[in-house]
Amino acid sequence: MHVVAVVCAVLPLCFAGWLGWQAVAGKSSDVSSAAAADPAPALDPGLSTPRPAGAGPAGAGAASAPGVAPAEGSPSAAPSAPATSAAPVGRVLVGRTVLIDPGHNTKNSAHTAEINRQVDIGNARKECDTTGTSTNAGYSEAEYTLDVSRRARAILEARGATVVFTQDGDKPWGPCIDERAKAGNTAHADAAVSVHADGGPASGSGFHVIMPAKVAAGRAANAAIVAPSHRLGLLLRDSFKAATGEPFADYIAAQGLDTRSDLGGLNLSTVPKVFIECGNMRNAGDAQRMTDPQWRQLAAQGIADALTTYLTTPG
């Protein structure tokens, strides 16, 4: 009888305990399911906004949207830069210095005497600088190059690089082409890119990259940078095409590459350096793209990704 009484007392307690355990287990399962279904948004290194939940890492698979671009009337604005290719992201460029040379100057036309002055480029003498070209609608090369350069700087700085400019819209004219080369040399830059837009025949379109030929004359002695500049040029060509979809120039160069010995910015450089002519402003199709802020963001991305790859991979 005592055994029966004990059993009768214990069974209800066990059943109550089992019900309590089920309630706790069920609550834990709900929390886990909710967390799996709605994780917190991940933040990609080098980006200023969270990456949507479930999205792959920046650069994996399809390209990211170009992001919010400034209004056409604000070409100097530099929005936070999304990663749109498979280039490394995060602060992978800490300790590296990049020279960006925005070609020409919007104020050059008011200082013709200064920019027409001849300067020594080693194997010749050339004008200090020029006014550059423009689209038929009047959007100038100098405006374009400064805008794209600022956008590229924002991306590179987000990745940890120190970025030096030859001019940031803060000079009354120029600087001269020899001073532009000197800026990279003085900064001991790890790599340098001069950003330009071409003024070719209206029937021609596309972009090309200019690499230095070996020059040993007068002040010029660039033999040490020819090979690394060639590697940078190849990376820039491929990265720019991948980012923008712009074809190789069909009126100049070959497969998007040219080698020249008449550019002071390359002749006098002691750091690896290339030029990029991002498109032909005299061509209607190229001009339409180059005046689009979102396309300029992609152009900046292509430039920044090429520099990043160059500086983070063995030569």
# chains A, B, ... in the order shown; residues from 1 in each chain; ligands from 1
>>> residues_around(residues="range 173-181 of chain A", least_positions_apart="4", cutoff="6 Å", atoms="only C-alpha atoms", output="ChimeraX atom specification")
/A:105,107-108,128-129,166,264-265,268-269
>>> write_last_selection(atoms="C-alpha atoms", output="compact mmCIF listing (two decimals), in the first residue's frame")
# COMPACT_ATOMS: atom_id res chain seq x y z
CA ASN A 105 42.80 71.65 -64.42
CA LYS A 107 41.20 76.77 -64.56
CA ASN A 108 43.94 76.17 -67.16
CA CYS A 128 53.64 72.65 -68.98
CA ASP A 129 50.02 71.49 -69.33
CA THR A 166 48.74 66.07 -57.79
CA GLY A 264 56.71 63.68 -69.11
CA GLY A 265 54.56 62.12 -66.42
CA LEU A 268 60.25 61.41 -65.20
CA SER A 269 58.51 58.98 -62.83
>>> residues_around(residues="range 132-148 of chain A", least_positions_apart="2", cutoff="6 Å", atoms="only C-alpha atoms", output="PyMOL selection string")
chain A and resi 75-76+102-106+130+150-151+195-197+199+281-282+287+296+300
>>> write_last_selection(atoms="all heavy atoms", output="compact mmCIF listing (two decimals), in the first residue's frame")
# COMPACT_ATOMS: atom_id res chain seq x y z
N PRO A 75 29.75 67.06 -59.53
CA PRO A 75 30.70 66.04 -59.94
C PRO A 75 31.81 65.82 -58.95
O PRO A 75 32.46 64.78 -58.97
CB PRO A 75 31.26 66.58 -61.27
CG PRO A 75 31.06 68.06 -61.18
CD PRO A 75 29.81 68.25 -60.39
N SER A 76 32.05 66.75 -58.04
CA SER A 76 33.16 66.59 -57.11
C SER A 76 32.81 65.74 -55.91
O SER A 76 33.68 65.38 -55.14
CB SER A 76 33.63 67.97 -56.63
OG SER A 76 32.59 68.62 -55.93
N PRO A 102 44.82 63.60 -61.34
CA PRO A 102 43.67 64.02 -62.16
C PRO A 102 44.16 64.93 -63.29
O PRO A 102 44.63 66.04 -63.03
CB PRO A 102 42.78 64.78 -61.17
CG PRO A 102 43.31 64.44 -59.80
CD PRO A 102 44.77 64.20 -59.99
N GLY A 103 44.03 64.48 -64.51
CA GLY A 103 44.60 65.21 -65.63
C GLY A 103 44.00 66.59 -65.82
O GLY A 103 42.80 66.80 -65.66
N HIS A 104 44.88 67.56 -66.14
CA HIS A 104 44.50 68.93 -66.48
C HIS A 104 43.95 69.67 -65.26
O HIS A 104 44.11 69.23 -64.12
CB HIS A 104 43.55 68.95 -67.67
CG HIS A 104 44.07 68.15 -68.83
ND1 HIS A 104 45.15 68.54 -69.60
CD2 HIS A 104 43.70 66.93 -69.30
CE1 HIS A 104 45.40 67.62 -70.51
NE2 HIS A 104 44.54 66.63 -70.35
N ASN A 105 43.31 70.80 -65.50
CA ASN A 105 42.80 71.65 -64.42
C ASN A 105 41.70 72.51 -65.04
O ASN A 105 41.88 73.07 -66.13
CB ASN A 105 43.94 72.52 -63.87
CG ASN A 105 43.54 73.35 -62.67
OD1 ASN A 105 42.45 73.91 -62.60
ND2 ASN A 105 44.44 73.46 -61.70
N THR A 106 40.59 72.63 -64.37
CA THR A 106 39.46 73.38 -64.93
C THR A 106 39.81 74.86 -65.13
O THR A 106 39.14 75.55 -65.91
CB THR A 106 38.23 73.29 -64.00
OG1 THR A 106 38.57 73.78 -62.70
CG2 THR A 106 37.74 71.86 -63.89
N THR A 130 47.96 71.39 -70.62
CA THR A 130 47.00 71.85 -71.62
C THR A 130 45.63 71.95 -70.97
O THR A 130 45.43 71.55 -69.81
CB THR A 130 46.92 70.86 -72.82
OG1 THR A 130 46.34 69.63 -72.37
CG2 THR A 130 48.30 70.59 -73.41
N ARG A 150 38.51 61.51 -57.35
CA ARG A 150 37.99 61.61 -55.97
C ARG A 150 37.22 60.37 -55.58
O ARG A 150 37.30 59.89 -54.43
CB ARG A 150 37.11 62.85 -55.84
CG ARG A 150 37.89 64.16 -55.80
CD ARG A 150 36.99 65.36 -55.88
NE ARG A 150 37.71 66.61 -55.65
CZ ARG A 150 37.21 67.81 -55.88
NH1 ARG A 150 35.97 67.93 -56.37
NH2 ARG A 150 37.92 68.90 -55.65
N ARG A 151 36.47 59.83 -56.50
CA ARG A 151 35.72 58.61 -56.22
C ARG A 151 36.69 57.43 -55.97
O ARG A 151 36.48 56.61 -55.07
CB ARG A 151 34.78 58.29 -57.38
CG ARG A 151 33.63 59.27 -57.55
CD ARG A 151 32.91 59.07 -58.88
NE ARG A 151 31.88 60.06 -59.11
CZ ARG A 151 30.60 59.92 -58.75
NH1 ARG A 151 30.21 58.81 -58.15
NH2 ARG A 151 29.73 60.87 -59.00
N VAL A 195 44.78 60.00 -64.56
CA VAL A 195 43.43 59.79 -65.10
C VAL A 195 43.14 60.84 -66.17
O VAL A 195 43.26 62.05 -65.92
CB VAL A 195 42.38 59.87 -63.98
CG1 VAL A 195 40.98 59.64 -64.54
CG2 VAL A 195 42.70 58.85 -62.88
N HIS A 196 42.75 60.38 -67.36
CA HIS A 196 42.48 61.28 -68.48
C HIS A 196 41.26 60.81 -69.25
O HIS A 196 40.71 59.72 -69.01
CB HIS A 196 43.68 61.31 -69.43
CG HIS A 196 44.84 62.11 -68.92
ND1 HIS A 196 45.05 63.42 -69.26
CD2 HIS A 196 45.85 61.76 -68.07
CE1 HIS A 196 46.14 63.87 -68.65
NE2 HIS A 196 46.64 62.88 -67.92
N ALA A 197 40.82 61.65 -70.19
CA ALA A 197 39.81 61.30 -71.18
C ALA A 197 40.33 61.81 -72.51
O ALA A 197 40.96 62.87 -72.57
CB ALA A 197 38.47 61.92 -70.84
N GLY A 199 40.42 63.00 -76.64
CA GLY A 199 39.69 63.84 -77.59
C GLY A 199 39.97 63.38 -79.00
O GLY A 199 40.52 64.12 -79.81
N MET A 281 35.85 61.53 -75.42
CA MET A 281 34.80 62.52 -75.15
C MET A 281 34.18 63.10 -76.42
O MET A 281 33.09 63.69 -76.37
CB MET A 281 35.35 63.65 -74.29
CG MET A 281 35.66 63.24 -72.87
SD MET A 281 35.97 64.65 -71.78
CE MET A 281 34.75 64.35 -70.50
N ARG A 282 34.84 62.93 -77.55
CA ARG A 282 34.30 63.45 -78.81
C ARG A 282 33.35 62.47 -79.47
O ARG A 282 32.72 62.79 -80.48
CB ARG A 282 35.44 63.79 -79.77
CG ARG A 282 36.53 64.66 -79.17
CD ARG A 282 36.00 65.92 -78.52
NE ARG A 282 35.38 66.83 -79.47
CZ ARG A 282 34.76 67.96 -79.14
NH1 ARG A 282 34.66 68.30 -77.87
NH2 ARG A 282 34.25 68.74 -80.07
N ALA A 287 30.72 59.87 -74.63
CA ALA A 287 30.38 61.10 -73.91
C ALA A 287 29.15 60.90 -73.03
O ALA A 287 29.10 61.37 -71.89
CB ALA A 287 30.14 62.23 -74.89
N ARG A 296 30.67 56.93 -63.87
CA ARG A 296 31.93 57.42 -63.32
C ARG A 296 32.29 56.68 -62.04
O ARG A 296 33.48 56.46 -61.74
CB ARG A 296 31.86 58.93 -63.08
CG ARG A 296 31.74 59.74 -64.37
CD ARG A 296 32.11 61.20 -64.16
NE ARG A 296 31.29 61.90 -63.20
CZ ARG A 296 30.18 62.55 -63.50
NH1 ARG A 296 29.71 62.55 -64.75
NH2 ARG A 296 29.51 63.20 -62.56
N ALA A 300 35.77 54.65 -61.48
CA ALA A 300 36.61 54.76 -60.28
C ALA A 300 36.84 53.40 -59.65
O ALA A 300 37.94 53.09 -59.18
CB ALA A 300 35.95 55.71 -59.28
>>> closest_residue(among="A:Ala161, A:Leu99, A:Ala284, A:Ala187", to="Thr312 in chain A", atoms="only C-alpha atoms")
A:Ala161
>>> residues_around(residues="Gly204 in chain A", least_positions_apart="4", cutoff="8 Å", atoms="only C-alpha atoms", output="PyMOL selection string")
chain A and resi 200+249-251+280+283
>>> select_by_dssp(residues="range 172-286 of chain A", states="strand (DSSP E or B)", output="MDAnalysis selection string")
chainID A and resid 191:198 207:212 216:217 220:221 248 254 257:260 273:280
>>> closest_residue(among="A:Leu263, A:His188, A:Gly233, A:Asp292", to="Val119 in chain A", atoms="only C-alpha atoms")
A:Leu263
